[in-house]
Structure formats: C-alpha cells, structure tokens
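Participant: This is the content of protein21.cif (mmCIF, C-alpha atoms and all ligand atoms):
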```
data_my_file
#
loop_
_atom_site.label_atom_id
_atom_site.label_comp_id
_atom_site.auth_asym_id
_atom_site.auth_seq_id
_atom_site.Cartn_x
_atom_site.Cartn_y
_atom_site.Cartn_z
CA MET P 1 65.67 -85.13 78.38
CA SER P 2 63.97 -88.44 77.86
CA GLU P 3 60.65 -89.45 79.34
CA CYS P 4 60.37 -92.75 81.17
CA GLU P 5 57.24 -94.76 81.76
CA SER P 6 56.66 -94.14 85.42
CA GLY P 7 55.86 -90.47 85.10
CA ARG P 8 59.37 -89.36 85.70
CA LEU P 9 61.95 -87.61 83.65
CA HIS P 10 65.59 -88.50 83.56
CA VAL P 11 67.36 -85.21 83.81
CA ALA P 12 71.04 -84.77 83.24
CA THR P 13 71.89 -82.43 86.06
CA GLY P 14 74.17 -79.52 85.39
CA SER P 15 75.10 -77.76 88.58
CA HIS P 16 74.03 -80.61 90.85
CA GLY P 17 76.50 -83.19 89.62
CA SER P 18 77.25 -85.29 86.59
CA SER P 19 75.01 -88.31 87.12
CA PRO P 20 71.43 -88.28 85.81
CA ARG P 21 68.65 -88.23 88.35
CA CYS P 22 64.97 -89.03 88.22
CA SER P 23 62.45 -86.33 89.05
CA LEU P 24 58.71 -86.10 89.22
CA PHE P 25 57.23 -83.89 86.54
CA ILE P 26 54.07 -82.02 85.79
CA TYR P 27 52.52 -81.15 82.49
CA CYS P 28 52.17 -77.44 81.79
CA ASN P 29 49.06 -76.65 79.73
CA LEU P 30 50.40 -73.27 78.70
CA THR P 31 53.74 -74.29 77.26
CA ARG P 32 52.54 -77.86 76.50
CA ARG P 33 55.73 -79.21 77.88
CA TYR P 34 56.64 -81.32 80.86
CA ARG P 35 58.46 -79.60 83.66
CA VAL P 36 60.44 -80.95 86.55
CA THR P 37 58.62 -80.10 89.75
CA ASP P 38 61.69 -78.46 91.25
CA CYS P 39 61.28 -75.50 88.92
CA ILE P 40 57.60 -74.74 88.50
CA PRO P 41 56.88 -71.25 87.21
CA ALA P 42 53.90 -69.33 88.57
CA HIS P 43 51.68 -69.94 85.54
CA CYS P 44 51.95 -73.68 86.13
CA ALA P 45 50.63 -73.50 89.68
CA ALA P 46 47.12 -74.30 88.49
CA VAL P 47 48.16 -77.66 87.07
CA VAL P 48 50.09 -78.81 90.09
CA THR P 49 48.06 -81.30 92.05
CA SER P 50 48.17 -81.79 95.78
CA ASP P 51 50.08 -85.05 95.46
CA THR P 52 52.94 -83.39 93.63
CA ARG P 53 55.81 -84.04 95.95
CA HIS P 54 57.84 -80.94 95.41
CA LYS P 55 57.20 -77.29 95.07
CA PHE P 56 53.89 -75.67 94.34
CA ARG P 57 52.67 -72.16 94.75
CA ARG P 58 49.44 -71.01 96.27
CA ASP P 59 47.95 -67.75 95.01
CA ASN P 60 51.30 -67.08 93.38
CA GLU P 61 52.89 -66.56 96.78
CA ASP P 62 56.07 -68.33 97.72
CA LEU P 63 54.63 -69.52 100.99
CA GLU P 64 54.13 -73.26 100.88
CA ILE P 65 55.80 -76.35 99.52
CA ARG P 66 55.21 -80.04 100.13
CA ILE P 67 57.89 -82.48 101.18
CA SER P 68 56.84 -86.13 101.33
CA GLY P 69 53.29 -84.80 101.01
CA ILE P 70 53.66 -82.68 104.15
CA PRO P 71 52.94 -78.94 103.78
CA VAL P 72 55.82 -76.72 104.85
CA ARG P 73 55.33 -72.98 105.02
CA GLY P 74 57.82 -70.14 104.93
CA VAL P 75 58.54 -66.77 103.35
CA GLU P 76 60.00 -67.35 99.87
CA ILE P 77 60.46 -70.99 100.79
CA ASP P 78 62.47 -73.16 98.38
CA SER P 79 62.26 -76.88 97.68
CA ARG P 80 64.68 -77.75 100.49
CA THR P 81 63.02 -75.51 103.12
CA GLY P 82 65.40 -72.57 102.73
CA CYS P 83 63.60 -69.26 103.41
CA VAL P 84 64.18 -65.55 103.21
CA HIS P 85 65.85 -65.67 106.64
CA TYR P 86 68.05 -68.75 106.27
CA ARG P 87 69.07 -69.98 102.86
CA SER P 88 72.39 -71.79 102.79
CA ALA P 89 73.10 -75.30 101.51
CA ILE P 90 72.75 -76.58 105.08
CA ASP P 91 69.55 -74.74 106.04
CA ILE P 92 67.45 -77.74 105.11
CA VAL P 93 65.36 -78.42 108.18
CA ALA P 94 61.74 -77.44 108.79
CA ILE P 95 60.26 -77.42 112.28
CA LYS P 96 56.70 -78.18 113.24
CA PHE P 97 55.28 -75.67 115.68
CA ASN P 98 53.38 -77.04 118.62
CA CYS P 99 50.93 -74.11 118.69
CA CYS P 100 49.51 -74.66 115.20
CA GLN P 101 50.90 -78.14 114.38
CA THR P 102 52.31 -76.72 111.16
CA TYR P 103 55.78 -77.00 109.66
CA TYR P 104 57.63 -73.74 109.03
CA SER P 105 61.12 -73.13 107.67
CA CYS P 106 62.07 -71.10 110.69
CA PHE P 107 60.93 -69.25 113.78
CA TYR P 108 60.72 -65.93 111.95
CA CYS P 109 58.59 -67.35 109.14
CA HIS P 110 56.15 -68.65 111.75
CA GLN P 111 56.14 -65.28 113.44
CA ALA P 112 55.66 -63.38 110.19
CA GLU P 113 52.79 -65.46 108.97
CA THR P 114 50.78 -66.52 112.00
CA GLY P 115 50.95 -63.49 114.28
CA HIS P 116 50.65 -65.74 117.35
CA PRO P 117 53.45 -66.54 119.80
CA ALA P 118 55.36 -69.75 119.13
CA GLN P 119 54.82 -72.47 121.69
CA THR P 120 57.99 -74.45 122.44
CA TRP P 121 58.07 -78.24 122.74
CA SER P 122 58.43 -79.51 126.29
CA HIS P 123 60.71 -82.40 127.32
CA SER P 124 57.76 -84.78 127.55
CA GLU P 125 57.07 -84.19 123.86
CA PHE P 126 60.54 -84.94 122.52
CA GLU P 127 59.35 -88.23 120.99
CA GLU P 128 57.03 -86.26 118.68
CA LYS P 129 57.97 -86.11 115.03
CA ALA P 130 58.48 -82.40 114.53
CA ILE P 131 61.57 -82.03 112.35
CA LEU P 132 61.53 -82.50 108.60
CA CYS P 133 64.71 -83.07 106.61
CA GLY P 134 64.52 -81.06 103.40
CA ALA P 135 67.07 -83.34 101.74
CA CYS P 136 65.35 -86.73 102.15
CA GLY P 137 61.88 -85.75 103.33
CA THR P 138 62.02 -87.83 106.52
CA GLU P 139 60.28 -86.67 109.68
CA LEU P 140 62.53 -86.96 112.70
CA THR P 141 61.55 -86.89 116.33
CA ILE P 142 62.78 -83.94 118.32
CA ARG P 143 65.08 -86.27 120.25
CA GLN P 144 66.56 -87.71 117.05
CA TYR P 145 67.23 -84.18 115.86
CA LEU P 146 68.76 -82.98 119.10
CA GLU P 147 71.03 -86.03 119.21
CA CYS P 148 72.00 -86.15 115.53
CA ARG P 149 75.05 -83.84 115.71
CA ALA P 150 73.82 -81.86 112.71
CA ILE P 151 73.77 -84.88 110.37
CA CYS P 152 70.47 -86.35 109.15
CA PRO P 153 70.33 -89.91 110.59
CA MET P 154 68.37 -91.06 107.54
CA CYS P 155 70.26 -89.56 104.58
CA GLY P 156 73.47 -88.15 106.03
CA ALA P 157 72.80 -84.59 104.83
CA ALA P 158 74.53 -81.91 106.88
CA PHE P 159 72.30 -79.61 108.92
CA ASN P 160 73.33 -76.16 110.05
CA PRO P 161 75.12 -76.68 113.38
CA ARG P 162 74.50 -73.05 114.27
CA CYS P 163 70.79 -73.83 114.71
CA GLU P 164 71.85 -75.04 118.12
CA LEU P 165 72.03 -71.39 119.16
CA HIS P 166 68.29 -71.12 118.54
CA TYR P 167 67.13 -74.23 120.38
CA PRO P 168 65.39 -72.21 123.11
CA LEU P 169 63.12 -70.69 120.46
CA TYR P 170 61.77 -74.14 119.65
CA PHE P 171 62.44 -76.49 122.52
CA GLU P 172 62.29 -76.39 126.30
CA PRO P 173 65.93 -75.92 127.34
ZN ZN P 201 51.99 -71.54 115.60
ZN ZN P 202 62.32 -68.04 107.73
ZN ZN P 203 67.58 -86.49 105.51
#
```
Once you've parsed the file, please lay out its structure as structure tokens.
Facilitator:
Amino acid sequence: MSECESGRLHVATGSHGSSPRCSLFIYCNLTRRYRVTDCIPAHCAAVVTSDTRHKFRRDNEDLEIRISGIPVRGVEIDSRTGCVHYRSAIDIVAIKFNCCQTYYSCFYCHQAETGHPAQTWSHSEFEEKAILCGACGTELTIRQYLECRAICPMCGAAFNPRCELHYPLYFEP
C-alpha cells in the first residue's frame, strides 16, 4: 500500500481484479494504521466521520451505511446495499420509502426496523429520485429505474432482474 496526497490509498485489489484502485481511508486510533473504508472494524466506528463515503457502524450494529453521503439502512447491510435478505453480486439497489423518506436495502429491512406499513410510490411520483445504485452511488428516479432493464443507466452495473417480481411492494402497479 502506498499513501497518496489526497487522502486516498492506492490499493492493489486481490479478489476484485488486478488493477489498483483508489479508496477513501480513515485513520484508526487503536491500531494507528490507515484503513480502507470498505472494511472498517467495529472498534474504528468512533473515528469514522459523517462525511466518510462508505461504511460506518452505529452502536456497533450493522444497520446503516452511507453512499454518496446518503444514509441507507438495512439488516447487516454491506457497502453495496446487500442485506441479510438479498445479498448477491446484483443485489445492489436501495429503495427510498415514501412513508419515512428513508433508503432501505429492501422491503423486509424496512419492515423489520420501522414497524410501520410501507407506503408505495404512486404513478404521479415516478419522477422522484428514490432508487440508489450501490455500485456508483447515483440516485435514479423511479421511472429511470423501471425503464432501465436491470442495468444502471449511469454506470452499467447489472441489477437483479428478479426484483421486478416485487414491484408491487414498492410501486403502484
Ligand atoms: Zn417507512
Ligand atoms: Zn433486507
Ligand atoms: Zn450505477
């Protein structure tokens, strides 16, 4: 690892490919080492600031991350919005719920945490930005998402096409 000036580390990625990438880092007071924000252990949570773009833990619970500065909640949520219910390489979309205006990884995470019924988005609200791509961090409008054929229009990442089966949970049919 080598540190560069802009507060980023160049990390030679192992499992993610052969080319180096640049990641934000935080400084861990306990180990006195810099860590890439994708892999923050619980004892580092205290030193993660709110503008850290990637994962942070609140009260040592795996309930909230930030993507592009936007809080996304979910049970055992990972840095690409995977959760305990859906965690494949293509489960990378978070959905904002109309009832509480909060992003969750999935319907069941919202249900588990809030205890209130989910309010679906009506047709007149399809221009609202309510979908967050966990790969590039872009907020999409509901219409963009419904028309994207399971490919992020901004970064080209593949979304889970089977989410289509669950549209009525989130959107007015
Ligand atoms: Zn809600
Ligand atoms: Zn979930
Ligand atoms: Zn994207």
Participant: Please build the interface table for chain P against ligand ZN 203 (chain P) with a cut-off of 10 Å, listing for each qualifying residue the nearest atom pair and the distance in Å to one decimal; count all atoms listed in the file, order rows by chain and increasing number, and write it as JSON lines.
Facilitator:
```
{"residue": "P:Ile92", "atom": "CA", "partner": "P:ZN203", "partner_atom": "ZN", "distance": 8.8}
{"residue": "P:Val93", "atom": "CA", "partner": "P:ZN203", "partner_atom": "ZN", "distance": 8.8}
{"residue": "P:Leu132", "atom": "CA", "partner": "P:ZN203", "partner_atom": "ZN", "distance": 7.9}
{"residue": "P:Cys133", "atom": "CA", "partner": "P:ZN203", "partner_atom": "ZN", "distance": 4.6}
{"residue": "P:Gly134", "atom": "CA", "partner": "P:ZN203", "partner_atom": "ZN", "distance": 6.6}
{"residue": "P:Ala135", "atom": "CA", "partner": "P:ZN203", "partner_atom": "ZN", "distance": 4.9}
{"residue": "P:Cys136", "atom": "CA", "partner": "P:ZN203", "partner_atom": "ZN", "distance": 4.0}
{"residue": "P:Gly137", "atom": "CA", "partner": "P:ZN203", "partner_atom": "ZN", "distance": 6.1}
{"residue": "P:Thr138", "atom": "CA", "partner": "P:ZN203", "partner_atom": "ZN", "distance": 5.8}
{"residue": "P:Glu139", "atom": "CA", "partner": "P:ZN203", "partner_atom": "ZN", "distance": 8.4}
{"residue": "P:Leu140", "atom": "CA", "partner": "P:ZN203", "partner_atom": "ZN", "distance": 8.8}
{"residue": "P:Ile151", "atom": "CA", "partner": "P:ZN203", "partner_atom": "ZN", "distance": 8.0}
{"residue": "P:Cys152", "atom": "CA", "partner": "P:ZN203", "partner_atom": "ZN", "distance": 4.6}
{"residue": "P:Pro153", "atom": "CA", "partner": "P:ZN203", "partner_atom": "ZN", "distance": 6.7}
{"residue": "P:Met154", "atom": "CA", "partner": "P:ZN203", "partner_atom": "ZN", "distance": 5.1}
{"residue": "P:Cys155", "atom": "CA", "partner": "P:ZN203", "partner_atom": "ZN", "distance": 4.2}
{"residue": "P:Gly156", "atom": "CA", "partner": "P:ZN203", "partner_atom": "ZN", "distance": 6.1}
{"residue": "P:Ala157", "atom": "CA", "partner": "P:ZN203", "partner_atom": "ZN", "distance": 5.6}
{"residue": "P:Ala158", "atom": "CA", "partner": "P:ZN203", "partner_atom": "ZN", "distance": 8.4}
{"residue": "P:Phe159", "atom": "CA", "partner": "P:ZN203", "partner_atom": "ZN", "distance": 9.0}
```
Participant: Calculate how many Å separate CA of Ile95 in chain P from CA of His110 in chain P, rounding to one decimal.
Facilitator: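 Answer for the CA of Ile95 in chain P to CA of His110 in chain P separation: 9.7 Å.
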Participant: Between P:Asn160, P:Ser68, P:Ser124, P:Thr102, which is the closest to ligand ZN 201 (chain P) once you count all atoms listed in the file?
Facilitator: P:Thr102
Participant: Within 10 Å of ligand ZN 201 (chain P), which residues of chain P come that close, and what is the closest atom pair and distance in Å for each? Count only C-alpha atoms and all ligand atoms and give it as a tab-separated table.
Facilitator:
```
residue	atom	partner	partner_atom	distance
P:Lys96	CA	P:ZN201	ZN	8.5
P:Phe97	CA	P:ZN201	ZN	5.3
P:Asn98	CA	P:ZN201	ZN	6.4
P:Cys99	CA	P:ZN201	ZN	4.2
P:Cys100	CA	P:ZN201	ZN	4.0
P:Gln101	CA	P:ZN201	ZN	6.8
P:Thr102	CA	P:ZN201	ZN	6.8
P:Tyr103	CA	P:ZN201	ZN	8.9
P:Tyr104	CA	P:ZN201	ZN	8.9
P:Phe107	CA	P:ZN201	ZN	9.4
P:His110	CA	P:ZN201	ZN	6.4
P:Gln111	CA	P:ZN201	ZN	7.8
P:Glu113	CA	P:ZN201	ZN	9.0
P:Thr114	CA	P:ZN201	ZN	6.3
P:Gly115	CA	P:ZN201	ZN	8.2
P:His116	CA	P:ZN201	ZN	6.2
P:Pro117	CA	P:ZN201	ZN	6.7
P:Ala118	CA	P:ZN201	ZN	5.2
P:Gln119	CA	P:ZN201	ZN	6.8
P:Thr120	CA	P:ZN201	ZN	9.6
```
Participant: Which of these, P:Ile90, P:Val72, P:Ser105, P:Leu63, has the shortest distance to ligand ZN 202 (chain P) once you count only C-alpha atoms and all ligand atoms?
Facilitator: P:Ser105
Participant: Would you compute the distance between CA of His123 in chain P and CA of Gly74 in chain P? Give it in Å to one decimal.
Facilitator: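 Between CA of His123 in chain P and CA of Gly74 in chain P the gap is 25.7 Å.
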Participant: Between CA of Glu127 in chain P and CA of Tyr145 in chain P, what distance in Å does the model show, to one decimal?
Facilitator: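 About the pair CA of Glu127 in chain P and CA of Tyr145 in chain P: they are 10.2 Å apart.
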Participant: Dump as a tab-separated table the rows for residues of chain P within 7 Å of ligand ZN 202 (chain P): closest atom pair and distance in Å with one decimal, all atoms listed in the file counted, ordered by chain and rising residue number.
Facilitator:
```
residue	atom	partner	partner_atom	distance
P:Gly74	CA	P:ZN202	ZN	5.7
P:Val75	CA	P:ZN202	ZN	5.9
P:Cys83	CA	P:ZN202	ZN	4.7
P:Val84	CA	P:ZN202	ZN	5.5
P:His85	CA	P:ZN202	ZN	4.4
P:Tyr86	CA	P:ZN202	ZN	6.0
P:Ser105	CA	P:ZN202	ZN	5.2
P:Cys106	CA	P:ZN202	ZN	4.3
P:Phe107	CA	P:ZN202	ZN	6.3
P:Tyr108	CA	P:ZN202	ZN	5.0
P:Cys109	CA	P:ZN202	ZN	4.0
```
Participant: Go through P:Ile70, P:Ala89, P:Ala150, P:Ile77 and flag the residue nearest Glu164 in chain P, using only C-alpha atoms for the distances.
Facilitator: P:Ala150
Participant: In terms of the shortest atom-to-atom distance over all atoms listed in the file, which of P:Thr141, P:Thr81, P:Ser88, P:Ser122 is closest to Glu172 in chain P?
Facilitator: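 Ranking P:Thr141, P:Thr81, P:Ser88, P:Ser122 by distance to Glu172 in chain P, first place goes to P:Ser122.
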